[in-house]
$ cat model38.txt   # compact mmCIF, C-alpha atoms
# COMPACT_ATOMS: atom_id res chain seq x y z
CA MET A 1 0.00 0.00 0.00
CA LEU A 2 1.20 3.49 -0.80
CA THR A 3 0.21 4.69 2.67
CA GLU A 4 2.69 2.23 4.15
CA LEU A 5 5.38 3.40 1.72
CA ILE A 6 4.86 7.04 2.68
CA ASN A 7 4.95 6.18 6.37
CA GLN A 8 8.45 4.77 5.95
CA TYR A 9 9.84 8.25 5.25
CA SER A 10 9.89 11.51 7.15
CA PHE A 11 9.20 14.71 5.26
CA GLU A 12 12.88 15.65 5.64
CA GLU A 13 13.89 12.35 4.04
CA ILE A 14 11.57 12.96 1.10
CA ILE A 15 13.14 16.40 0.57
CA ALA A 16 16.57 14.75 0.65
CA ILE A 17 15.35 12.37 -2.06
CA GLU A 18 14.23 15.38 -4.12
CA GLU A 19 17.56 17.08 -3.77
CA SER A 20 19.38 13.97 -4.99
CA ASP A 21 17.18 13.93 -8.12
CA ARG A 22 19.37 14.34 -11.22
CA GLN A 23 16.93 16.97 -12.51
CA PHE A 24 17.35 19.05 -9.34
CA LEU A 25 21.13 18.62 -9.41
CA ALA A 26 21.31 19.64 -13.07
CA LEU A 27 19.46 22.90 -12.40
CA LYS A 28 21.54 23.56 -9.30
CA SER A 29 24.79 23.04 -11.21
CA SER A 30 23.63 25.34 -14.01
CA TRP A 31 22.63 28.11 -11.61
CA GLU A 32 25.88 27.86 -9.63
CA LEU A 33 27.79 28.66 -12.82
CA ILE A 34 25.42 31.35 -14.09
CA LYS A 35 25.07 33.26 -10.81
CA ASN A 36 28.84 33.80 -10.60
CA HIS A 37 29.14 35.05 -14.18
CA ASP A 38 29.51 38.75 -14.95
CA PHE A 39 26.83 39.76 -17.45
CA GLY A 40 28.04 43.33 -17.82
CA GLY A 41 26.38 44.74 -14.73
CA VAL A 42 22.93 43.27 -15.41
CA ASP A 43 20.88 43.23 -12.21
CA LYS A 44 20.90 39.82 -10.49
CA GLY A 45 17.13 39.98 -10.21
CA VAL A 46 16.87 40.01 -14.01
CA VAL A 47 19.26 37.07 -14.26
CA LYS A 48 17.08 35.10 -11.84
CA GLU A 49 13.96 36.06 -13.79
CA VAL A 50 15.35 34.79 -17.08
CA PHE A 51 16.63 31.56 -15.56
CA LEU A 52 13.26 30.75 -14.01
CA ARG A 53 11.37 31.63 -17.19
CA ALA A 54 13.70 29.29 -19.08
CA VAL A 55 12.84 26.47 -16.68
CA ILE A 56 9.11 27.07 -17.20
CA TYR A 57 9.54 27.14 -20.99
CA ASN A 58 11.39 23.84 -20.92
CA SER A 59 8.88 22.22 -18.56
CA LEU A 60 5.99 22.99 -20.89
CA ILE A 61 7.59 21.12 -23.79
CA SER A 62 9.27 18.27 -21.90
CA TYR A 63 7.00 15.46 -23.00
CA GLN A 64 7.28 12.80 -25.70
CA ILE A 65 11.04 13.05 -25.29
CA ALA A 66 13.80 10.64 -26.18
CA TRP A 67 15.73 8.95 -23.40
CA SER A 68 14.94 9.78 -19.78
CA GLY A 69 13.61 12.92 -18.13
CA GLU A 70 16.85 13.17 -16.18
CA SER A 71 18.91 13.14 -19.38
CA ARG A 72 16.63 15.75 -20.90
CA TRP A 73 17.10 18.15 -17.98
CA GLU A 74 20.84 17.56 -17.81
CA GLU A 75 21.08 18.48 -21.49
CA PHE A 76 18.89 21.54 -20.95
CA ALA A 77 21.00 22.68 -17.98
CA ASP A 78 24.13 22.40 -20.10
CA ARG A 79 22.51 24.46 -22.85
CA LEU A 80 21.59 27.14 -20.32
CA LYS A 81 25.22 27.33 -19.27
CA SER A 82 26.36 27.88 -22.86
CA ASP A 83 23.46 30.02 -24.18
CA PHE A 84 22.39 32.07 -21.18
CA ASP A 85 24.11 35.30 -22.19
CA VAL A 86 22.13 35.36 -25.46
CA LEU A 87 18.82 34.55 -23.74
CA LEU A 88 19.50 37.31 -21.23
CA LEU A 89 20.25 39.85 -23.96
CA ASP A 90 16.98 38.97 -25.74
CA PHE A 91 15.06 39.54 -22.53
CA ILE A 92 16.72 42.87 -21.74
CA GLN A 93 16.14 44.20 -25.25
CA TRP A 94 12.53 43.04 -25.27
CA LYS A 95 13.17 40.90 -28.33
CA ALA A 96 10.91 37.99 -29.17
CA SER A 97 13.07 35.00 -28.32
CA LEU A 98 10.56 32.41 -29.52
CA ASP A 99 12.75 31.45 -32.49
CA ARG A 100 15.66 30.95 -30.14
CA TRP A 101 13.63 28.65 -27.91
CA TYR A 102 12.43 26.74 -30.95
CA ASN A 103 16.00 26.38 -32.19
CA LEU A 104 17.10 25.14 -28.78
CA MET A 105 14.38 22.50 -28.95
CA ILE A 106 15.08 21.23 -32.45
CA THR A 107 18.82 21.01 -31.81
CA SER A 108 18.27 18.98 -28.66
CA LYS A 109 19.19 15.31 -28.66
CA ASN A 110 16.40 14.47 -26.24
CA ASN A 111 13.46 16.50 -27.56
CA LYS A 112 13.02 15.65 -31.22
CA ARG A 113 9.28 14.96 -31.47
CA LEU A 114 6.05 16.92 -32.01
CA TYR A 115 7.82 20.17 -32.93
CA ASN A 116 4.72 21.92 -34.24
CA ILE A 117 2.64 21.15 -31.15
CA LYS A 118 5.45 22.22 -28.86
CA LEU A 119 6.01 25.41 -30.86
CA SER A 120 2.32 26.20 -30.38
CA ARG A 121 2.79 25.84 -26.64
CA LEU A 122 5.76 28.19 -26.68
CA GLU A 123 3.73 30.74 -28.63
CA LYS A 124 0.89 30.63 -26.11
CA PHE A 125 3.24 31.01 -23.18
CA SER A 126 5.24 33.85 -24.78
CA LYS A 127 2.06 35.95 -25.09
CA PHE A 128 1.11 35.63 -21.41
CA SER A 129 2.20 38.25 -18.86
CA LEU A 130 3.70 36.61 -15.82
CA LYS A 131 4.07 38.10 -12.36
CA SER A 132 7.29 38.37 -10.37
CA MET A 133 9.14 35.06 -10.11
CA GLU A 134 9.78 35.62 -6.41
CA ARG A 135 6.06 36.22 -5.82
CA TYR A 136 5.29 33.03 -7.68
CA TYR A 137 7.67 31.11 -5.44
CA GLU A 138 5.98 32.52 -2.37
CA ASN A 139 2.58 31.55 -3.79
CA MET A 140 2.97 28.69 -6.26
CA ILE A 141 -0.81 28.31 -6.52
CA ASP A 142 -0.81 31.58 -8.50
CA LEU A 143 1.78 30.16 -10.89
CA TRP A 144 -0.24 26.96 -11.24
CA GLN A 145 -3.40 28.87 -12.10
CA ASP A 146 -1.68 31.37 -14.39
CA LEU A 147 0.05 28.63 -16.39
CA SER A 148 -3.30 26.91 -16.83
CA LYS A 149 -4.76 30.15 -18.21
CA ALA A 150 -1.76 30.80 -20.44
CA MET A 151 -1.85 27.32 -21.98
CA TRP A 152 -5.67 27.02 -22.14
CA VAL A 153 -5.65 23.67 -20.35
CA PRO A 154 -7.03 22.42 -17.00
CA ASN A 155 -4.77 23.09 -14.04
CA TYR A 156 -4.49 19.36 -13.31
CA SER A 157 -2.83 18.74 -16.70
CA LYS A 158 0.45 16.89 -16.37
CA THR A 159 2.71 19.52 -17.95
CA ILE A 160 1.22 22.34 -15.88
CA CYS A 161 1.78 20.48 -12.61
CA PHE A 162 5.23 19.37 -13.75
CA ALA A 163 6.15 22.97 -14.60
CA VAL A 164 5.27 24.04 -11.05
CA LYS A 165 7.43 21.26 -9.66
CA MET A 166 10.47 22.18 -11.77
CA PHE A 167 9.94 25.86 -11.04
CA GLY A 168 9.98 24.99 -7.33
CA TYR A 169 13.22 23.04 -7.76
CA SER A 170 14.99 25.95 -9.44
CA ALA A 171 13.49 28.67 -7.22
CA ARG A 172 14.65 26.75 -4.14
CA VAL A 173 18.21 26.99 -5.44
CA ILE A 174 18.02 30.55 -6.77
CA PHE A 175 16.40 32.15 -3.72
CA ASP A 176 18.27 29.86 -1.29
CA LYS A 177 15.02 29.27 0.54
CA PHE A 178 12.82 26.20 0.91
CA ILE A 179 9.08 26.68 0.43
CA ILE A 180 6.84 23.63 0.55
CA TYR A 181 4.70 22.88 -2.50
CA PRO A 182 1.02 23.73 -2.06
CA LEU A 183 -1.32 20.86 -1.18
CA GLU A 184 -3.66 21.99 -3.96
CA VAL A 185 -1.30 21.34 -6.89
CA ALA A 186 -1.93 17.93 -8.45
CA ILE A 187 0.62 15.21 -9.07
CA PRO A 188 1.86 15.09 -12.70
CA VAL A 189 0.36 11.79 -13.86
CA ASP A 190 2.60 9.94 -16.30
CA SER A 191 3.27 6.30 -17.16
CA ARG A 192 5.37 5.62 -14.05
CA ILE A 193 2.64 6.95 -11.77
CA ARG A 194 -0.05 4.99 -13.63
CA LYS A 195 2.01 1.83 -13.24
CA LEU A 196 2.47 2.43 -9.52
CA PHE A 197 -1.23 2.97 -8.97
CA LEU A 198 -2.11 0.02 -11.16
CA THR A 199 -0.09 -2.14 -8.80
CA SER A 200 -1.72 -0.72 -5.70
CA TYR A 201 -5.27 0.15 -6.72
CA TRP A 202 -5.97 -1.79 -9.95
CA GLU A 203 -6.58 0.49 -12.91
CA LEU A 204 -7.58 4.08 -12.23
CA SER A 205 -8.14 7.02 -14.55
CA ASP A 206 -5.72 9.95 -14.34
CA LYS A 207 -8.33 12.00 -12.47
CA GLU A 208 -8.86 9.15 -10.01
CA ILE A 209 -5.10 8.91 -9.44
CA ILE A 210 -4.97 12.66 -8.75
CA GLU A 211 -7.82 12.33 -6.24
CA LYS A 212 -6.14 9.36 -4.59
CA CYS A 213 -2.94 11.39 -4.25
CA TYR A 214 -4.90 14.23 -2.68
CA GLU A 215 -6.24 11.74 -0.13
CA LEU A 216 -2.71 10.49 0.59
CA SER A 217 -1.55 14.09 0.98
CA LYS A 218 -4.31 14.87 3.46
CA ILE A 219 -3.48 11.78 5.50
CA SER A 220 0.28 12.34 5.50
CA GLY A 221 0.37 16.14 5.35
CA ILE A 222 2.80 15.87 2.43
CA PRO A 223 1.79 17.64 -0.82
CA SER A 224 1.38 15.60 -3.98
CA LEU A 225 4.38 17.21 -5.72
CA HIS A 226 6.63 16.04 -2.89
CA LEU A 227 5.05 12.58 -2.94
CA ASP A 228 5.85 12.50 -6.64
CA SER A 229 9.54 12.60 -5.77
CA LEU A 230 9.14 9.60 -3.47
CA PHE A 231 7.09 7.69 -6.04
CA TRP A 232 9.75 8.44 -8.67
CA VAL A 233 12.35 6.62 -6.60
CA LYS A 234 9.98 3.69 -6.02
CA ARG A 235 8.75 3.45 -9.61
$ encode --input "model38.txt" --output "structure tokens"
Amino acid sequence: MLTELINQYSFEEIIAIEESDRQFLALKSSWELIKNHDFGGVDKGVVKEVFLRAVIYNSLISYQIAWSGESRWEEFADRLKSDFDVLLLDFIQWKASLDRWYNLMITSKNNKRLYNIKLSRLEKFSKFSLKSMERYYENMIDLWQDLSKAMWVPNYSKTICFAVKMFGYSARVIFDKFIIYPLEVAIPVDSRIRKLFLTSYWELSDKEIIEKCYELSKISGIPSLHLDSLFWVKR
């Protein structure tokens, strides 16, 4: 039973599992390099803003990828290290960087499918006005709802919930502050989660899995996005 699995770990142990996730470590490594770079006197707040926007962009198109999610994010983190000065300049000069994001996608080894659909997602997101990244970190429910509006999809959609999770990973590193994920944000349901719940609860729909995770969160006091990290290890 998943309840028994959750009970084997303290919340602190689950956070330690998160912070050993290759995706988390890739973003942390990228930021450690970028934050110490001199971008010609550009305000550090702007640098943080661009980094976090980049993470959201990548989250929204990180599906139907080749290889593993970890490999995808390690590749993305390496590209941020090499391309960040150009992305930053685009942002400062108010240039449309959509072509640059599209080029980054099509030259990726791990993201070579469904280009047109993913480009459409980038276009939708690029037209939406976001709030302050620090405010979003302090209230990730706002980010969750705003991404849903920007992408015209329900807020329980996998990529929306996944984007909040990856934003939380990177914001934790950038702001050097831990903020727990909101209980309201749903677990990103993918094949590994379906398989886990098939083993424990027979076959459930994605919405039923989300509801079951909400129940587990209420019982344990641990939000679904943090449970996702535990379930990833036990997949």
$ closest_residue --input "model38.txt" --among "A:Ala150, A:Ile179, A:Val47, A:Ile219" --to "Glu138 in chain A" --atoms "all atoms listed in the file"
A:Ile179
$ axis_aligned_box --input "model38.txt" --around "range 83-89 of chain A" --padding-each-side "3 Å" --output "AutoDock Vina command-line options"
--center_x 21.5 --center_y 34.9 --center_z -23.3 --size_x 11.3 --size_y 15.8 --size_z 10.3
$ closest_residue --input "model38.txt" --among "A:Leu122, A:Ile15, A:Ile61, A:Met151" --to "Tyr181 in chain A" --atoms "all atoms listed in the file"
A:Ile15
$ atom_distance --input "model38.txt" --atom1 "CA of Ala171 in chain A" --atom2 "CA of Asn7 in chain A"
27.6 Å
$ closest_residue --input "model38.txt" --among "A:Tyr9, A:Thr159, A:Lys28, A:Tyr137" --to "His226 in chain A" --atoms "only C-alpha atoms"
A:Tyr9
$ atom_distance --input "model38.txt" --atom1 "CA of Asp142 in chain A" --atom2 "CA of Lys124 in chain A"
17.7 Å
$ closest_residue --input "model38.txt" --among "A:Val50, A:Ile210, A:Ala186, A:Val164" --to "Leu143 in chain A" --atoms "all atoms listed in the file"
A:Val164
$ closest_residue --input "model38.txt" --among "A:Glu18, A:Asp85, A:Asp190, A:Glu12" --to "Val42 in chain A" --atoms "all atoms listed in the file"
A:Asp85
$ closest_residue --input "model38.txt" --among "A:Ser157, A:Ser224, A:Gly168, A:Leu230" --to "Lys207 in chain A" --atoms "all atoms listed in the file"
A:Ser157
$ atom_distance --input "model38.txt" --atom1 "CA of Ala26 in chain A" --atom2 "CA of Glu74 in chain A"
5.2 Å
$ residues_around --input "model38.txt" --residues "Gly45 in chain A" --least-positions-apart "5" --cutoff "12 Å" --atoms "all atoms listed in the file" --output "ChimeraX atom specification"
/A:35,50-52,88,92,132-134,174-175
$ write_last_selection --input "model38.txt" --atoms "C-alpha atoms" --output "mmCIF file, in the coordinates of the input"
data_model
loop_
_atom_site.group_PDB
_atom_site.id
_atom_site.type_symbol
_atom_site.label_atom_id
_atom_site.label_comp_id
_atom_site.auth_asym_id
_atom_site.auth_seq_id
_atom_site.Cartn_x
_atom_site.Cartn_y
_atom_site.Cartn_z
ATOM 1 C CA LYS A 35 25.070 33.260 -10.810
ATOM 2 C CA VAL A 50 15.350 34.790 -17.080
ATOM 3 C CA PHE A 51 16.630 31.560 -15.560
ATOM 4 C CA LEU A 52 13.260 30.750 -14.010
ATOM 5 C CA LEU A 88 19.500 37.310 -21.230
ATOM 6 C CA ILE A 92 16.720 42.870 -21.740
ATOM 7 C CA SER A 132 7.290 38.370 -10.370
ATOM 8 C CA MET A 133 9.140 35.060 -10.110
ATOM 9 C CA GLU A 134 9.780 35.620 -6.410
ATOM 10 C CA ILE A 174 18.020 30.550 -6.770
ATOM 11 C CA PHE A 175 16.400 32.150 -3.720
#
$ residues_around --input "model38.txt" --residues "Arg194 in chain A" --least-positions-apart "6" --cutoff "9 Å" --atoms "only C-alpha atoms" --output "list in words"
Glu203, Leu204, Ser205, Asp206 and Ile209 of chain A
$ write_last_selection --input "model38.txt" --atoms "C-alpha atoms" --output "mmCIF file, in the frame of the given file"
data_model
loop_
_atom_site.group_PDB
_atom_site.id
_atom_site.type_symbol
_atom_site.label_atom_id
_atom_site.label_comp_id
_atom_site.auth_asym_id
_atom_site.auth_seq_id
_atom_site.Cartn_x
_atom_site.Cartn_y
_atom_site.Cartn_z
ATOM 1 C CA GLU A 203 -6.580 0.490 -12.910
ATOM 2 C CA LEU A 204 -7.580 4.080 -12.230
ATOM 3 C CA SER A 205 -8.140 7.020 -14.550
ATOM 4 C CA ASP A 206 -5.720 9.950 -14.340
ATOM 5 C CA ILE A 209 -5.100 8.910 -9.440
#
$ residues_near_point --input "model38.txt" --point "(12.6, 25.9, -17.8)" --cutoff "10 Å" --atoms "only C-alpha atoms" --output "compact mmCIF listing (two decimals) with C-alpha atoms, in the frame of the given file"
# COMPACT_ATOMS: atom_id res chain seq x y z
CA LEU A 27 19.46 22.90 -12.40
CA VAL A 50 15.35 34.79 -17.08
CA PHE A 51 16.63 31.56 -15.56
CA LEU A 52 13.26 30.75 -14.01
CA ARG A 53 11.37 31.63 -17.19
CA ALA A 54 13.70 29.29 -19.08
CA VAL A 55 12.84 26.47 -16.68
CA ILE A 56 9.11 27.07 -17.20
CA TYR A 57 9.54 27.14 -20.99
CA ASN A 58 11.39 23.84 -20.92
CA SER A 59 8.88 22.22 -18.56
CA LEU A 60 5.99 22.99 -20.89
CA ILE A 61 7.59 21.12 -23.79
CA SER A 62 9.27 18.27 -21.90
CA TRP A 73 17.10 18.15 -17.98
CA PHE A 76 18.89 21.54 -20.95
CA ALA A 77 21.00 22.68 -17.98
CA LEU A 80 21.59 27.14 -20.32
CA ALA A 163 6.15 22.97 -14.60
CA MET A 166 10.47 22.18 -11.77
CA PHE A 167 9.94 25.86 -11.04
CA SER A 170 14.99 25.95 -9.44
$ decode --input "model38.txt" --residues "range 50-91 of chain A" --atoms "N, CA and C atoms" --output "PDB file, in the first residue's frame"
ATOM      1  N   VAL A  50      15.152  35.481 -15.809  1.00  0.00           N
ATOM      2  CA  VAL A  50      15.345  34.792 -17.081  1.00  0.00           C
ATOM      3  C   VAL A  50      15.587  33.306 -16.862  1.00  0.00           C
ATOM      4  N   PHE A  51      16.360  32.972 -15.851  1.00  0.00           N
ATOM      5  CA  PHE A  51      16.626  31.559 -15.559  1.00  0.00           C
ATOM      6  C   PHE A  51      15.323  30.814 -15.245  1.00  0.00           C
ATOM      7  N   LEU A  52      14.495  31.409 -14.410  1.00  0.00           N
ATOM      8  CA  LEU A  52      13.256  30.748 -14.014  1.00  0.00           C
ATOM      9  C   LEU A  52      12.271  30.663 -15.172  1.00  0.00           C
ATOM     10  N   ARG A  53      12.212  31.694 -16.000  1.00  0.00           N
ATOM     11  CA  ARG A  53      11.366  31.627 -17.192  1.00  0.00           C
ATOM     12  C   ARG A  53      11.833  30.502 -18.120  1.00  0.00           C
ATOM     13  N   ALA A  54      13.158  30.355 -18.238  1.00  0.00           N
ATOM     14  CA  ALA A  54      13.700  29.285 -19.080  1.00  0.00           C
ATOM     15  C   ALA A  54      13.262  27.916 -18.572  1.00  0.00           C
ATOM     16  N   VAL A  55      13.264  27.745 -17.272  1.00  0.00           N
ATOM     17  CA  VAL A  55      12.844  26.473 -16.680  1.00  0.00           C
ATOM     18  C   VAL A  55      11.372  26.206 -16.987  1.00  0.00           C
ATOM     19  N   ILE A  56      10.541  27.241 -16.895  1.00  0.00           N
ATOM     20  CA  ILE A  56       9.111  27.065 -17.204  1.00  0.00           C
ATOM     21  C   ILE A  56       8.926  26.719 -18.676  1.00  0.00           C
ATOM     22  N   TYR A  57       9.612  27.444 -19.559  1.00  0.00           N
ATOM     23  CA  TYR A  57       9.542  27.136 -20.988  1.00  0.00           C
ATOM     24  C   TYR A  57       9.858  25.656 -21.222  1.00  0.00           C
ATOM     25  N   ASN A  58      10.956  25.212 -20.666  1.00  0.00           N
ATOM     26  CA  ASN A  58      11.387  23.838 -20.917  1.00  0.00           C
ATOM     27  C   ASN A  58      10.411  22.823 -20.339  1.00  0.00           C
ATOM     28  N   SER A  59       9.837  23.138 -19.188  1.00  0.00           N
ATOM     29  CA  SER A  59       8.880  22.224 -18.555  1.00  0.00           C
ATOM     30  C   SER A  59       7.662  22.003 -19.442  1.00  0.00           C
ATOM     31  N   LEU A  60       7.213  23.059 -20.100  1.00  0.00           N
ATOM     32  CA  LEU A  60       5.988  22.990 -20.886  1.00  0.00           C
ATOM     33  C   LEU A  60       6.136  22.176 -22.170  1.00  0.00           C
ATOM     34  N   ILE A  61       7.383  21.914 -22.579  1.00  0.00           N
ATOM     35  CA  ILE A  61       7.588  21.116 -23.793  1.00  0.00           C
ATOM     36  C   ILE A  61       8.372  19.834 -23.507  1.00  0.00           C
ATOM     37  N   SER A  62       8.514  19.478 -22.245  1.00  0.00           N
ATOM     38  CA  SER A  62       9.274  18.271 -21.898  1.00  0.00           C
ATOM     39  C   SER A  62       8.359  17.056 -21.793  1.00  0.00           C
ATOM     40  N   TYR A  63       7.807  16.689 -22.921  1.00  0.00           N
ATOM     41  CA  TYR A  63       7.000  15.465 -22.996  1.00  0.00           C
ATOM     42  C   TYR A  63       7.265  14.826 -24.357  1.00  0.00           C
ATOM     43  N   GLN A  64       6.957  13.544 -24.473  1.00  0.00           N
ATOM     44  CA  GLN A  64       7.276  12.799 -25.699  1.00  0.00           C
ATOM     45  C   GLN A  64       8.743  13.030 -26.060  1.00  0.00           C
ATOM     46  N   ILE A  65       9.614  12.825 -25.078  1.00  0.00           N
ATOM     47  CA  ILE A  65      11.037  13.052 -25.290  1.00  0.00           C
ATOM     48  C   ILE A  65      11.757  11.725 -25.501  1.00  0.00           C
ATOM     49  N   ALA A  66      12.956  11.816 -26.062  1.00  0.00           N
ATOM     50  CA  ALA A  66      13.804  10.644 -26.182  1.00  0.00           C
ATOM     51  C   ALA A  66      14.603  10.483 -24.890  1.00  0.00           C
ATOM     52  N   TRP A  67      14.957   9.259 -24.592  1.00  0.00           N
ATOM     53  CA  TRP A  67      15.725   8.954 -23.398  1.00  0.00           C
ATOM     54  C   TRP A  67      14.931   9.321 -22.139  1.00  0.00           C
ATOM     55  N   SER A  68      15.619   9.559 -21.052  1.00  0.00           N
ATOM     56  CA  SER A  68      14.938   9.778 -19.781  1.00  0.00           C
ATOM     57  C   SER A  68      14.733  11.262 -19.498  1.00  0.00           C
ATOM     58  N   GLY A  69      13.806  11.547 -18.554  1.00  0.00           N
ATOM     59  CA  GLY A  69      13.609  12.925 -18.131  1.00  0.00           C
ATOM     60  C   GLY A  69      14.864  13.511 -17.524  1.00  0.00           C
ATOM     61  N   GLU A  70      15.613  12.686 -16.791  1.00  0.00           N
ATOM     62  CA  GLU A  70      16.850  13.170 -16.182  1.00  0.00           C
ATOM     63  C   GLU A  70      17.850  13.611 -17.247  1.00  0.00           C
ATOM     64  N   SER A  71      17.982  12.793 -18.300  1.00  0.00           N
ATOM     65  CA  SER A  71      18.913  13.142 -19.378  1.00  0.00           C
ATOM     66  C   SER A  71      18.472  14.414 -20.087  1.00  0.00           C
ATOM     67  N   ARG A  72      17.160  14.553 -20.255  1.00  0.00           N
ATOM     68  CA  ARG A  72      16.625  15.753 -20.901  1.00  0.00           C
ATOM     69  C   ARG A  72      16.996  16.998 -20.104  1.00  0.00           C
ATOM     70  N   TRP A  73      16.836  16.964 -18.795  1.00  0.00           N
ATOM     71  CA  TRP A  73      17.104  18.147 -17.983  1.00  0.00           C
ATOM     72  C   TRP A  73      18.596  18.400 -17.811  1.00  0.00           C
ATOM     73  N   GLU A  74      19.392  17.357 -17.840  1.00  0.00           N
ATOM     74  CA  GLU A  74      20.838  17.563 -17.810  1.00  0.00           C
ATOM     75  C   GLU A  74      21.306  18.240 -19.095  1.00  0.00           C
ATOM     76  N   GLU A  75      20.742  17.828 -20.225  1.00  0.00           N
ATOM     77  CA  GLU A  75      21.077  18.476 -21.492  1.00  0.00           C
ATOM     78  C   GLU A  75      20.620  19.942 -21.490  1.00  0.00           C
ATOM     79  N   PHE A  76      19.410  20.173 -21.008  1.00  0.00           N
ATOM     80  CA  PHE A  76      18.887  21.544 -20.945  1.00  0.00           C
ATOM     81  C   PHE A  76      19.760  22.419 -20.046  1.00  0.00           C
ATOM     82  N   ALA A  77      20.157  21.904 -18.900  1.00  0.00           N
ATOM     83  CA  ALA A  77      20.998  22.676 -17.977  1.00  0.00           C
ATOM     84  C   ALA A  77      22.334  23.034 -18.625  1.00  0.00           C
ATOM     85  N   ASP A  78      22.877  22.111 -19.404  1.00  0.00           N
ATOM     86  CA  ASP A  78      24.133  22.398 -20.105  1.00  0.00           C
ATOM     87  C   ASP A  78      23.937  23.481 -21.166  1.00  0.00           C
ATOM     88  N   ARG A  79      22.786  23.446 -21.847  1.00  0.00           N
ATOM     89  CA  ARG A  79      22.508  24.464 -22.851  1.00  0.00           C
ATOM     90  C   ARG A  79      22.325  25.838 -22.203  1.00  0.00           C
ATOM     91  N   LEU A  80      21.714  25.866 -21.026  1.00  0.00           N
ATOM     92  CA  LEU A  80      21.586  27.144 -20.321  1.00  0.00           C
ATOM     93  C   LEU A  80      22.963  27.716 -20.008  1.00  0.00           C
ATOM     94  N   LYS A  81      23.872  26.868 -19.589  1.00  0.00           N
ATOM     95  CA  LYS A  81      25.225  27.333 -19.275  1.00  0.00           C
ATOM     96  C   LYS A  81      25.877  27.973 -20.495  1.00  0.00           C
ATOM     97  N   SER A  82      25.682  27.384 -21.652  1.00  0.00           N
ATOM     98  CA  SER A  82      26.360  27.877 -22.857  1.00  0.00           C
ATOM     99  C   SER A  82      25.614  29.019 -23.542  1.00  0.00           C
ATOM    100  N   ASP A  83      24.274  29.057 -23.414  1.00  0.00           N
ATOM    101  CA  ASP A  83      23.463  30.020 -24.177  1.00  0.00           C
ATOM    102  C   ASP A  83      22.864  31.137 -23.323  1.00  0.00           C
ATOM    103  N   PHE A  84      23.138  31.172 -22.053  1.00  0.00           N
ATOM    104  CA  PHE A  84      22.395  32.073 -21.177  1.00  0.00           C
ATOM    105  C   PHE A  84      22.637  33.543 -21.496  1.00  0.00           C
ATOM    106  N   ASP A  85      23.839  33.887 -21.897  1.00  0.00           N
ATOM    107  CA  ASP A  85      24.114  35.301 -22.193  1.00  0.00           C
ATOM    108  C   ASP A  85      23.237  35.810 -23.337  1.00  0.00           C
ATOM    109  N   VAL A  86      22.969  34.958 -24.326  1.00  0.00           N
ATOM    110  CA  VAL A  86      22.129  35.356 -25.459  1.00  0.00           C
ATOM    111  C   VAL A  86      20.663  35.454 -25.028  1.00  0.00           C
ATOM    112  N   LEU A  87      20.198  34.512 -24.242  1.00  0.00           N
ATOM    113  CA  LEU A  87      18.818  34.547 -23.739  1.00  0.00           C
ATOM    114  C   LEU A  87      18.602  35.796 -22.885  1.00  0.00           C
ATOM    115  N   LEU A  88      19.582  36.126 -22.093  1.00  0.00           N
ATOM    116  CA  LEU A  88      19.496  37.306 -21.230  1.00  0.00           C
ATOM    117  C   LEU A  88      19.433  38.578 -22.061  1.00  0.00           C
ATOM    118  N   LEU A  89      20.243  38.668 -23.100  1.00  0.00           N
ATOM    119  CA  LEU A  89      20.247  39.852 -23.958  1.00  0.00           C
ATOM    120  C   LEU A  89      18.894  40.013 -24.646  1.00  0.00           C
ATOM    121  N   ASP A  90      18.317  38.911 -25.122  1.00  0.00           N
ATOM    122  CA  ASP A  90      16.983  38.967 -25.737  1.00  0.00           C
ATOM    123  C   ASP A  90      15.971  39.561 -24.768  1.00  0.00           C
ATOM    124  N   PHE A  91      16.025  39.103 -23.538  1.00  0.00           N
ATOM    125  CA  PHE A  91      15.063  39.542 -22.530  1.00  0.00           C
ATOM    126  C   PHE A  91      15.217  41.028 -22.230  1.00  0.00           C
TER     127      PHE A  91
END
